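**Q** final03.cif (mmCIF, C-alpha atoms) pasted underneath:
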data_target
#
loop_
_atom_site.label_atom_id
_atom_site.label_comp_id
_atom_site.auth_asym_id
_atom_site.auth_seq_id
_atom_site.Cartn_x
_atom_site.Cartn_y
_atom_site.Cartn_z
CA MET A 201 43.88 -14.78 36.27
CA GLU A 202 45.83 -12.34 34.16
CA ILE A 203 48.79 -13.61 32.15
CA GLU A 204 51.72 -11.27 31.67
CA GLU A 205 52.67 -10.40 28.12
CA ARG A 206 56.09 -11.66 27.08
CA ALA A 207 57.62 -9.08 24.83
CA GLY A 208 60.34 -9.46 22.26
CA LEU A 209 60.74 -13.25 22.30
CA TYR A 210 59.37 -13.78 18.80
CA ILE A 211 58.72 -11.59 15.80
CA TYR A 212 55.05 -12.20 16.39
CA SER A 213 53.27 -12.34 19.70
CA ASP A 214 52.29 -15.90 20.61
CA THR A 215 50.02 -14.43 23.24
CA GLN A 216 48.12 -12.83 20.40
CA LEU A 217 48.02 -16.15 18.51
CA ASP A 218 46.65 -17.92 21.60
CA LYS A 219 44.03 -15.23 21.99
CA GLU A 220 42.91 -15.52 18.38
CA GLU A 221 42.81 -19.32 18.61
CA GLY A 222 40.72 -19.12 21.76
CA GLU A 223 38.30 -16.70 20.15
CA ARG A 224 37.98 -18.96 17.10
CA ILE A 225 37.19 -21.98 19.28
CA GLU A 226 34.72 -20.07 21.44
CA ALA A 227 32.96 -18.74 18.34
CA LEU A 228 32.68 -22.22 16.81
CA LYS A 229 31.46 -23.66 20.09
CA ALA A 230 28.83 -20.95 20.46
CA SER A 231 27.55 -21.56 16.93
CA SER A 232 27.53 -25.36 17.28
CA GLN A 233 25.17 -25.89 20.16
CA GLN A 234 22.71 -27.84 18.01
CA PRO A 235 23.56 -30.72 15.67
CA LEU A 236 23.45 -30.00 11.95
CA PRO A 237 20.67 -31.81 10.05
CA ASP A 238 21.80 -34.96 8.28
CA PRO A 239 22.01 -34.37 4.54
CA ASP A 240 19.36 -36.89 3.50
CA ARG A 241 16.43 -34.67 2.58
CA TRP A 242 16.72 -35.70 -1.07
CA LEU A 243 16.37 -39.38 -0.22
CA ASP A 244 12.58 -38.91 0.09
CA GLU A 245 12.11 -36.83 -2.99
CA GLU A 246 10.99 -39.76 -5.10
CA LEU A 247 8.90 -37.69 -7.44
CA ARG A 248 11.60 -35.26 -8.45
CA ARG A 249 14.06 -38.07 -8.77
CA HIS A 250 12.01 -39.85 -11.38
CA ILE A 251 11.35 -36.98 -13.69
CA LEU A 252 14.34 -37.30 -15.97
CA LEU A 253 18.06 -37.91 -16.28
CA THR A 254 17.96 -41.29 -14.59
CA SER A 255 20.61 -42.84 -16.77
CA VAL A 256 22.87 -39.83 -16.32
CA ASP A 257 22.35 -40.14 -12.59
CA ALA A 258 23.08 -43.84 -12.69
CA VAL A 259 26.39 -43.41 -14.50
CA LEU A 260 27.42 -40.41 -12.44
CA ASN A 261 26.58 -42.05 -9.14
CA TRP A 262 28.23 -45.28 -10.17
CA ALA A 263 31.42 -43.35 -10.90
CA ARG A 264 31.21 -41.39 -7.66
CA ARG A 265 30.50 -44.27 -5.33
CA SER A 266 32.98 -46.64 -6.92
CA SER A 267 36.05 -44.59 -6.12
CA LEU A 268 35.48 -42.82 -2.83
CA TRP A 269 38.76 -41.40 -1.66
CA PRO A 270 38.86 -40.85 2.09
CA VAL A 271 40.74 -38.00 3.67
CA VAL A 272 42.88 -38.51 6.76
CA CYS A 273 40.85 -37.45 9.83
CA PHE A 274 41.87 -39.81 12.60
CA PRO A 275 42.02 -37.98 15.93
CA ALA A 276 41.87 -41.07 18.16
CA CYS A 277 41.80 -44.82 18.55
CA CYS A 278 39.16 -45.69 15.92
CA ALA A 279 41.97 -44.96 13.47
CA PHE A 280 43.44 -48.38 14.24
CA GLU A 281 40.26 -50.12 13.21
CA PHE A 282 40.31 -48.01 10.08
CA ILE A 283 43.91 -49.02 9.41
CA THR A 284 42.91 -52.67 9.85
CA THR A 285 40.06 -52.11 7.44
CA ALA A 286 42.47 -50.63 4.94
CA ALA A 287 45.06 -53.39 5.35
CA SER A 288 45.15 -56.68 3.50
CA ARG A 289 42.78 -58.73 5.63
CA PHE A 290 39.67 -56.57 5.13
CA ASP A 291 41.02 -54.56 2.22
CA ILE A 292 38.78 -51.58 1.40
CA SER A 293 40.42 -51.34 -2.00
CA ARG A 294 37.70 -53.83 -2.97
CA PHE A 295 35.41 -50.79 -2.88
CA GLY A 296 37.76 -48.54 -4.79
CA MET A 297 38.99 -46.76 -1.68
CA GLU A 298 42.59 -47.83 -1.41
CA ILE A 299 43.94 -44.31 -1.87
CA ILE A 300 43.70 -42.48 1.47
CA ARG A 301 44.53 -38.90 0.72
CA GLY A 302 46.66 -36.70 2.90
CA SER A 303 45.13 -33.66 1.19
CA PRO A 304 41.43 -32.80 1.54
CA ARG A 305 41.51 -31.27 -1.95
CA GLN A 306 41.77 -34.73 -3.50
CA ALA A 307 39.26 -36.48 -1.26
CA ASP A 308 35.48 -36.79 -1.29
CA LEU A 309 34.81 -38.85 1.83
CA MET A 310 35.72 -38.03 5.41
CA ILE A 311 35.78 -40.96 7.83
CA THR A 312 35.90 -39.31 11.22
CA ALA A 313 37.62 -41.93 13.32
CA GLY A 314 37.86 -40.71 16.87
CA THR A 315 37.10 -38.34 19.71
CA LEU A 316 37.08 -34.69 18.72
CA THR A 317 37.94 -31.94 21.17
CA TRP A 318 36.77 -28.37 20.82
CA LYS A 319 40.34 -27.29 20.41
CA MET A 320 40.66 -29.51 17.33
CA ALA A 321 37.18 -28.75 15.98
CA PRO A 322 38.07 -25.64 13.91
CA GLN A 323 40.76 -27.62 12.08
CA VAL A 324 38.38 -30.48 11.25
CA ARG A 325 35.81 -27.98 10.04
CA ARG A 326 38.50 -26.40 7.90
CA ILE A 327 39.52 -29.76 6.40
CA TYR A 328 35.87 -30.44 5.60
CA ASP A 329 35.52 -27.02 3.98
CA GLN A 330 38.61 -27.68 1.87
CA MET A 331 37.22 -30.89 0.38
CA ALA A 332 35.80 -30.53 -3.12
CA GLU A 333 32.06 -31.08 -3.72
CA PRO A 334 30.42 -33.55 -3.77
CA LYS A 335 31.60 -34.75 -0.37
CA TRP A 336 30.35 -37.13 2.26
CA VAL A 337 31.04 -37.89 5.91
CA ILE A 338 30.96 -41.18 7.79
CA ALA A 339 30.90 -40.76 11.58
CA MET A 340 32.84 -43.77 12.85
CA GLY A 341 32.49 -44.90 16.45
CA ALA A 342 30.60 -43.78 19.54
CA CYS A 343 32.67 -40.61 20.01
CA ALA A 344 32.04 -39.46 16.46
CA ILE A 345 28.31 -40.10 16.79
CA SER A 346 27.61 -38.52 20.17
CA GLY A 347 30.84 -37.91 22.04
CA GLY A 348 30.66 -41.45 23.44
CA ILE A 349 31.75 -41.82 27.03
CA PHE A 350 33.11 -38.25 26.88
CA ALA A 351 29.78 -36.75 25.85
CA SER A 352 29.44 -34.63 28.99
CA SER A 353 33.09 -33.63 29.12
CA TYR A 354 34.16 -30.00 29.19
CA SER A 355 36.42 -30.37 26.17
CA VAL A 356 34.84 -32.93 23.82
CA VAL A 357 32.53 -32.15 20.91
CA PRO A 358 29.34 -34.23 21.45
CA GLY A 359 29.24 -35.68 17.97
CA TYR A 360 30.71 -34.53 14.68
CA SER A 361 27.24 -33.52 13.54
CA ARG A 362 27.72 -30.37 15.63
CA ILE A 363 30.28 -29.04 13.19
CA ILE A 364 29.87 -30.97 9.92
CA PRO A 365 26.87 -32.70 8.29
CA VAL A 366 27.13 -36.48 8.71
CA ASP A 367 25.75 -38.95 6.16
CA VAL A 368 26.27 -42.35 7.79
CA TYR A 369 26.74 -43.27 11.45
CA VAL A 370 28.74 -46.41 12.30
CA PRO A 371 28.27 -47.36 15.96
CA GLY A 372 30.83 -49.24 18.03
CA CYS A 373 33.65 -48.49 20.42
CA PRO A 374 35.52 -48.94 18.20
CA PRO A 375 33.47 -50.47 15.35
CA ARG A 376 34.78 -53.72 13.96
CA PRO A 377 36.17 -53.49 10.42
CA GLU A 378 33.10 -55.40 9.23
CA ALA A 379 30.90 -52.68 10.71
CA LEU A 380 32.88 -49.98 8.96
CA LEU A 381 32.66 -51.89 5.68
CA TYR A 382 28.91 -52.14 6.15
CA GLY A 383 28.80 -48.39 6.78
CA ILE A 384 30.75 -47.81 3.59
CA ARG A 385 28.28 -49.99 1.66
CA LEU A 386 25.40 -47.92 3.12
CA MET A 387 27.25 -44.80 2.05
CA GLN A 388 27.51 -46.18 -1.48
CA ASP A 389 23.82 -47.08 -1.51
CA LYS A 390 23.02 -43.56 -0.41
CA ILE A 391 25.15 -42.06 -3.15
CA ALA A 392 23.39 -44.31 -5.66
CA LYS A 393 20.09 -42.66 -4.79
CA ARG A 394 21.36 -39.17 -5.33
CA SER A 395 20.12 -37.20 -8.30
CA ILE A 396 21.88 -34.25 -9.86
CA ILE A 397 18.65 -32.29 -10.26
CA THR A 398 18.06 -32.27 -6.50
CA GLU A 399 21.54 -31.25 -5.50
CA ASP A 400 21.69 -28.09 -3.48
CA MET B 6 66.13 -51.09 40.78
CA THR B 7 65.77 -47.50 41.87
CA VAL B 8 65.93 -47.15 45.65
CA ALA B 9 63.11 -45.05 47.14
CA LEU B 10 64.74 -42.95 49.85
CA SER B 11 62.98 -42.43 53.16
CA GLY B 12 61.57 -38.95 53.59
CA GLY B 13 62.62 -38.84 57.23
CA GLU B 14 66.34 -39.11 56.56
CA ILE B 15 66.29 -36.44 53.90
CA ALA B 16 64.16 -34.26 56.18
CA ALA B 17 66.91 -34.30 58.80
CA ARG B 18 69.46 -33.03 56.27
CA LEU B 19 67.05 -30.37 55.04
CA GLU B 20 66.25 -29.20 58.56
CA GLU B 21 69.95 -28.90 59.27
CA ARG B 22 70.45 -26.66 56.24
CA PHE B 23 67.15 -24.75 56.26
CA PRO B 24 65.64 -24.83 59.77
CA GLY B 25 61.85 -24.91 59.78
CA SER B 26 61.53 -25.83 56.12
CA VAL B 27 60.05 -29.30 56.65
CA VAL B 28 56.44 -29.55 57.83
CA GLU B 29 56.29 -33.31 58.17
CA SER B 30 58.08 -36.34 56.83
CA GLY B 31 57.35 -40.00 56.63
CA GLN B 32 58.57 -43.25 55.19
CA ASP B 33 57.68 -42.45 51.63
CA SER B 34 57.45 -38.70 51.32
CA LEU B 35 58.42 -35.35 52.72
CA LEU B 36 56.28 -32.24 52.98
CA VAL B 37 58.06 -28.91 52.75
CA LYS B 38 56.81 -25.40 53.39
CA SER B 39 55.84 -23.64 50.21
CA GLU B 40 58.08 -20.65 50.99
CA SER B 41 61.16 -22.84 51.25
CA LEU B 42 60.26 -25.15 48.36
CA ARG B 43 62.57 -23.41 45.89
CA ALA B 44 65.55 -23.48 48.26
CA ALA B 45 64.89 -27.06 49.33
CA ALA B 46 64.60 -28.20 45.72
CA GLY B 47 67.87 -26.49 44.86
CA PHE B 48 69.52 -28.22 47.80
CA LEU B 49 68.14 -31.62 46.79
CA LYS B 50 69.42 -31.14 43.28
CA THR B 51 72.99 -30.24 44.22
CA ALA B 52 73.71 -31.75 47.67
CA PRO B 53 76.46 -34.39 47.56
CA GLY B 54 75.04 -37.87 47.95
CA LEU B 55 71.55 -36.78 46.87
CA GLU B 56 71.89 -35.04 43.50
CA PHE B 57 68.32 -35.40 42.27
CA ASP B 58 69.10 -34.41 38.70
CA TYR B 59 65.89 -35.65 37.11
CA LEU B 60 62.30 -34.60 37.73
CA THR B 61 60.10 -37.58 36.89
CA ALA B 62 56.70 -35.98 37.32
CA ILE B 63 54.74 -33.22 38.99
CA THR B 64 51.19 -33.91 40.11
CA GLY B 65 48.55 -31.59 41.48
CA VAL B 66 46.04 -32.90 44.01
CA ASP B 67 42.88 -31.15 45.21
CA TYR B 68 42.05 -31.89 48.86
CA TYR B 69 39.32 -29.20 49.07
CA ASP B 70 41.03 -27.47 52.03
CA TYR B 71 44.28 -27.07 50.16
CA PHE B 72 46.06 -28.03 46.97
CA GLU B 73 49.02 -30.35 47.19
CA VAL B 74 51.68 -30.54 44.49
CA VAL B 75 53.76 -33.72 44.42
CA TYR B 76 57.27 -33.72 42.96
CA GLN B 77 58.75 -37.10 42.07
CA LEU B 78 62.50 -36.71 41.97
CA THR B 79 65.05 -39.20 40.69
CA SER B 80 68.82 -39.23 40.79
CA ILE B 81 70.21 -40.90 37.71
CA ARG B 82 73.71 -40.83 39.16
CA HIS B 83 72.83 -42.56 42.45
CA ASN B 84 69.77 -44.43 41.17
CA HIS B 85 67.49 -43.37 43.99
CA SER B 86 64.23 -41.46 44.17
CA LEU B 87 62.27 -39.23 46.53
CA VAL B 88 58.76 -37.81 46.76
CA VAL B 89 58.53 -34.17 47.84
CA LYS B 90 55.21 -32.45 48.48
CA ALA B 91 54.17 -28.86 48.99
CA ARG B 92 50.81 -27.36 49.87
CA CYS B 93 49.13 -24.12 48.96
CA TYR B 94 46.00 -22.86 50.66
CA GLY B 95 43.07 -20.85 49.36
CA ARG B 96 41.05 -21.56 46.25
CA GLY B 97 41.09 -18.00 44.99
CA ASN B 98 44.67 -17.66 43.88
CA PRO B 99 46.82 -20.58 45.05
CA ALA B 100 50.49 -20.16 44.25
CA LEU B 101 53.75 -22.05 44.60
CA PRO B 102 57.30 -21.24 43.51
CA SER B 103 58.27 -22.62 40.10
CA VAL B 104 61.10 -25.14 39.72
CA VAL B 105 61.60 -24.64 35.98
CA SER B 106 64.94 -22.96 36.59
CA LEU B 107 66.15 -26.18 38.25
CA TRP B 108 64.51 -28.80 36.04
CA GLN B 109 63.51 -27.85 32.49
CA GLY B 110 61.05 -30.75 32.44
CA ALA B 111 58.85 -28.87 34.89
CA ASP B 112 57.92 -26.34 32.21
CA PHE B 113 55.00 -28.10 30.51
CA GLN B 114 53.88 -29.94 33.65
CA GLU B 115 53.55 -26.74 35.65
CA ARG B 116 51.64 -25.21 32.76
CA GLU B 117 49.33 -28.22 32.72
CA ILE B 118 48.67 -27.94 36.46
CA TYR B 119 48.04 -24.22 36.03
CA ASP B 120 45.69 -25.02 33.15
CA LEU B 121 43.63 -27.73 34.83
CA MET B 122 43.85 -26.88 38.56
CA GLY B 123 44.57 -23.17 38.55
CA ILE B 124 47.68 -23.27 40.72
CA ARG B 125 49.97 -20.40 39.87
CA PHE B 126 53.71 -21.09 39.69
CA GLU B 127 55.64 -17.96 40.60
CA GLY B 128 58.69 -17.44 38.42
CA HIS B 129 57.54 -19.65 35.54
CA PRO B 130 58.82 -18.13 32.28
CA ASN B 131 55.68 -18.80 30.22
CA LEU B 132 52.73 -19.59 32.45
CA LYS B 133 49.64 -19.90 30.27
CA ARG B 134 47.13 -22.56 29.31
CA ILE B 135 48.65 -25.54 27.50
CA VAL B 136 45.90 -28.13 26.94
CA LEU B 137 42.75 -26.05 26.91
CA TRP B 138 42.30 -22.98 24.80
CA ASP B 139 42.73 -19.38 25.76
CA GLY B 140 39.49 -18.00 27.12
CA PHE B 141 38.29 -21.23 28.74
CA THR B 142 36.66 -20.42 32.05
CA GLY B 143 37.34 -22.47 35.14
CA TYR B 144 39.79 -25.19 36.07
CA PRO B 145 38.22 -28.55 35.20
CA LEU B 146 40.30 -30.89 37.38
CA ARG B 147 39.30 -29.11 40.57
CA LYS B 148 36.95 -31.18 42.67
CA ASP B 149 34.33 -28.43 42.77
CA TYR B 150 34.31 -27.90 39.00
CA LEU B 151 30.85 -28.38 37.58
CA GLN B 152 29.89 -27.31 34.11
CA TRP B 153 26.18 -28.05 34.29
#
Show me, as structure tokens, the structure contained in the file I just sent.
**A**
Amino acid sequence: MEIEERAGLYIYSDTQLDKEEGERIEALKASSQQPLPDPDRWLDEELRRHILLTSVDAVLNWARRSSLWPVVCFPACCAFEFITTAASRFDISRFGMEIIRGSPRQADLMITAGTLTWKMAPQVRRIYDQMAEPKWVIAMGACAISGGIFASSYSVVPGYSRIIPVDVYVPGCPPRPEALLYGIRLMQDKIAKRSIITED
Amino acid sequence: MTVALSGGEIAARLEERFPGSVVESGQDSLLVKSESLRAAAGFLKTAPGLEFDYLTAITGVDYYDYFEVVYQLTSIRHNHSLVVKARCYGRGNPALPSVVSLWQGADFQEREIYDLMGIRFEGHPNLKRIVLWDGFTGYPLRKDYLQW
């Protein structure tokens, strides 16, 4: 169905904005039909890892994993489990993560807590792109892993790995705070194995 | 407690004012002709003793043979409510008159019904998709919508 153009209401045309937004979403959807590979290729590269610089790696990785700052990316209900994890009872500041940044420029970990729709996907991709390297992603909950119960929906992204590379998957609907803490520990173990000579 | 008015009593008043506007009426709802929906809604909003000044919700229903749009009206002044329905036939380009000029709250709800069920509301000031993005094909809340 054709939609009539409304002229002269605003200085810009919101019809034009809608059109551009729709094109952006369609383009992202078309280019995200397959999941991105998980960034763990370097985990197997034992030989290259042991050549040199191990102590530099150890210090660097210790510093990186000990103060992961998560960025706010909470589109749905898993956010409440994350909030519980951050609050006093479970207290992720024990892992150096008490500062949850509102700005992706100051963060190096994205905990994707919730269902993602295609309409929101370009914005999440943009937040990820704005984070400074090195950066990691924890997919929290069934929706973040595979789309969950909405996996076959017309509007839901079937897993964050379609648009951003995911390092650790935390299953659950939603995951208990203990599960998220375990996922964070796995994330830290993974960072500990990283070597600067194998970084892309 | 809000009193739910009987559709039959209101139908008698509507018939008196606009003959032939009511298709059927029952205990809990009243079905008006789509051509006279706008006039009937205006009457229900302003008629003394009725004064439905608040539109609680609009719902679209797909019955395969036709689409039905359900208007839940409430009068804050008299503390009573009424359910009005209208039907539109044909899956190609179903249309109904818009009630945005009577109740501002209809704006987003009519856009949502247009977005998800593809019912066109004639006279809506800004009828375009609201939940899904521009360029999405199909109307996903229709019963015959299949994406795979």
**Q** Could you tell me which of B:Arg43, B:Arg22, B:His129, B:Arg96 comes closest to Gly143 (chain B) if we count all atoms listed in the file?
**A**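 Counting all atoms listed in the file, the residue closest to Gly143 (chain B) is B:Arg96.
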**Q** For chain B versus chain A, which residues have an atom no more than 10 Å away, and what is each residue's nearest atom pair and distance in Å rounded to one decimal, using only C-alpha atoms, chain-then-number order, as a Markdown table?
**A**
| residue | atom | partner | partner_atom | distance |
| --- | --- | --- | --- | --- |
| B:Gly97 | CA | A:Met201 | CA | 9.7 |
| B:Asn98 | CA | A:Met201 | CA | 8.2 |
| B:Gly123 | CA | A:Met201 | CA | 8.7 |
| B:Arg125 | CA | A:Met201 | CA | 9.0 |
| B:Pro130 | CA | A:Arg206 | CA | 8.7 |
| B:Asn131 | CA | A:Arg206 | CA | 7.8 |
| B:Leu132 | CA | A:Ile203 | CA | 7.2 |
| B:Lys133 | CA | A:Ile203 | CA | 6.6 |
| B:Arg134 | CA | A:Asp218 | CA | 9.0 |
| B:Ile135 | CA | A:Asp218 | CA | 9.8 |
| B:Val136 | CA | A:Lys319 | CA | 8.6 |
| B:Leu137 | CA | A:Lys319 | CA | 7.0 |
| B:Trp138 | CA | A:Gly222 | CA | 5.2 |
| B:Asp139 | CA | A:Gly222 | CA | 4.5 |
| B:Gly140 | CA | A:Gly222 | CA | 5.6 |
| B:Phe141 | CA | A:Gly222 | CA | 7.7 |
| B:Pro145 | CA | A:Tyr354 | CA | 7.4 |
| B:Leu151 | CA | A:Tyr354 | CA | 9.2 |
| B:Gln152 | CA | A:Tyr354 | CA | 7.0 |
| B:Trp153 | CA | A:Ser352 | CA | 9.1 |
**Q** Could you list, as a VMD selection string, every residue matched by the PyMOL selection byres ((chain B and resi 80) around 6) in this structure?
**A** chain B and resid 56 to 59 79 81 to 85
**Q** Distance CA of Asp70 (chain B)-CA of Arg18 (chain B), one decimal place?
**A**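 Computed distance, CA of Asp70 (chain B) to CA of Arg18 (chain B), equals 29.3 Å.
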**Q** So which residues get picked by the PyMOL selection byres ((chain B and resi 103) around 9) here, written as a VMD selection string?
**A** chain B and resid 42 to 43 101 to 102 104 to 107 111 to 112 115 125 to 129
**Q** Using all atoms listed in the file, which of A:Val337, A:Ile292, A:Ala342, A:Ala258 sits nearest Cys278 (chain A)?
**A**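 That would be A:Ala342, the residue with the smallest distance to Cys278 (chain A).
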**Q** Expand the PyMOL selection byres ((chain A and resi 300) around 9) into the explicit residue set it covers here, and present it as a compact mmCIF listing (two decimals) with C-alpha atoms, keeping the file's coordinate frame.
**A**
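Contents of expr34.txt, freshly written:
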# COMPACT_ATOMS: atom_id res chain seq x y z
CA TRP A 269 38.76 -41.40 -1.66
CA PRO A 270 38.86 -40.85 2.09
CA VAL A 271 40.74 -38.00 3.67
CA VAL A 272 42.88 -38.51 6.76
CA ALA A 286 42.47 -50.63 4.94
CA MET A 297 38.99 -46.76 -1.68
CA GLU A 298 42.59 -47.83 -1.41
CA ILE A 299 43.94 -44.31 -1.87
CA ARG A 301 44.53 -38.90 0.72
CA GLY A 302 46.66 -36.70 2.90
CA SER A 303 45.13 -33.66 1.19
CA ALA A 307 39.26 -36.48 -1.26
**Q** Counting only C-alpha atoms, which residue out of B:Gly13, B:Gly65, B:Gly47, B:Gly95 sits closest to Asp120 (chain B)?
**A**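 Using only C-alpha atoms, the shortest distance to Asp120 (chain B) belongs to B:Gly65.
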**Q** Take CA of Pro375 (chain A) and CA of Pro334 (chain A) and report the distance between them in Å, one decimal.
**A**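 Distance reported for this atom pair: 25.7 Å.
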**Q** B:Ala62, B:Asp149, B:Asp67, B:Ala100: which is nearest Val88 (chain B), counting only C-alpha atoms?
**A** B:Ala62
**Q** What is the CA of Arg116 (chain B)-CA of Tyr68 (chain B) distance in Å, reported with one decimal?
**A**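 A separation of 19.9 Å between them.
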**Q** In file coordinates, which residues lie within 12 Å of (23.1, -29.7, 10.9) using only C-alpha atoms, given as a short mmCIF file (atom, residue, chain, number, x, y, z; two decimals) with C-alpha atoms, keeping the file's coordinate frame?
**A**
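As written to disk, point_19.cif reads:
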data_model
loop_
_atom_site.label_atom_id
_atom_site.label_comp_id
_atom_site.auth_asym_id
_atom_site.auth_seq_id
_atom_site.Cartn_x
_atom_site.Cartn_y
_atom_site.Cartn_z
CA SER A 231 27.55 -21.56 16.93
CA SER A 232 27.53 -25.36 17.28
CA GLN A 233 25.17 -25.89 20.16
CA GLN A 234 22.71 -27.84 18.01
CA PRO A 235 23.56 -30.72 15.67
CA LEU A 236 23.45 -30.00 11.95
CA PRO A 237 20.67 -31.81 10.05
CA ASP A 238 21.80 -34.96 8.28
CA PRO A 239 22.01 -34.37 4.54
CA ASP A 240 19.36 -36.89 3.50
CA ARG A 241 16.43 -34.67 2.58
CA GLY A 359 29.24 -35.68 17.97
CA TYR A 360 30.71 -34.53 14.68
CA SER A 361 27.24 -33.52 13.54
CA ARG A 362 27.72 -30.37 15.63
CA ILE A 363 30.28 -29.04 13.19
CA ILE A 364 29.87 -30.97 9.92
CA PRO A 365 26.87 -32.70 8.29
CA VAL A 366 27.13 -36.48 8.71
CA ASP A 367 25.75 -38.95 6.16
#
**Q** Find the spatial neighbours of Ile15 (chain B), counting all atoms listed in the file, within a cut-off of 9 Å - ignore same-chain residues fewer than 2 positions away - and output them as a PyMOL selection string.
**A** chain B and resi 10-13+17-20+30+35+49+55+87
**Q** Which is closest to Val256 (chain A) among A:Ala287, A:Ala392, A:Val370, A:Ile384, if we use all atoms listed in the file?
**A** A:Ala392
**Q** Would you compute the box with edges along x, y and z of the file around region 20-39 of chain B, including every atom the file lists for it and 8 Å extra on each side, and give its centre and edge lengths in Å to one decimal, as JSON?
**A**
{"center_x": 63.1, "center_y": -33.4, "center_z": 55.0, "size_x": 30.6, "size_y": 35.6, "size_z": 25.6}
**Q** Given the choices A:Phe295, A:Phe274, A:Phe280, A:Phe290, which gets closest to Leu316 (chain A) if the distance is worked out from all atoms listed in the file?
**A**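 Among the listed residues, the smallest separation from Leu316 (chain A) belongs to A:Phe274.
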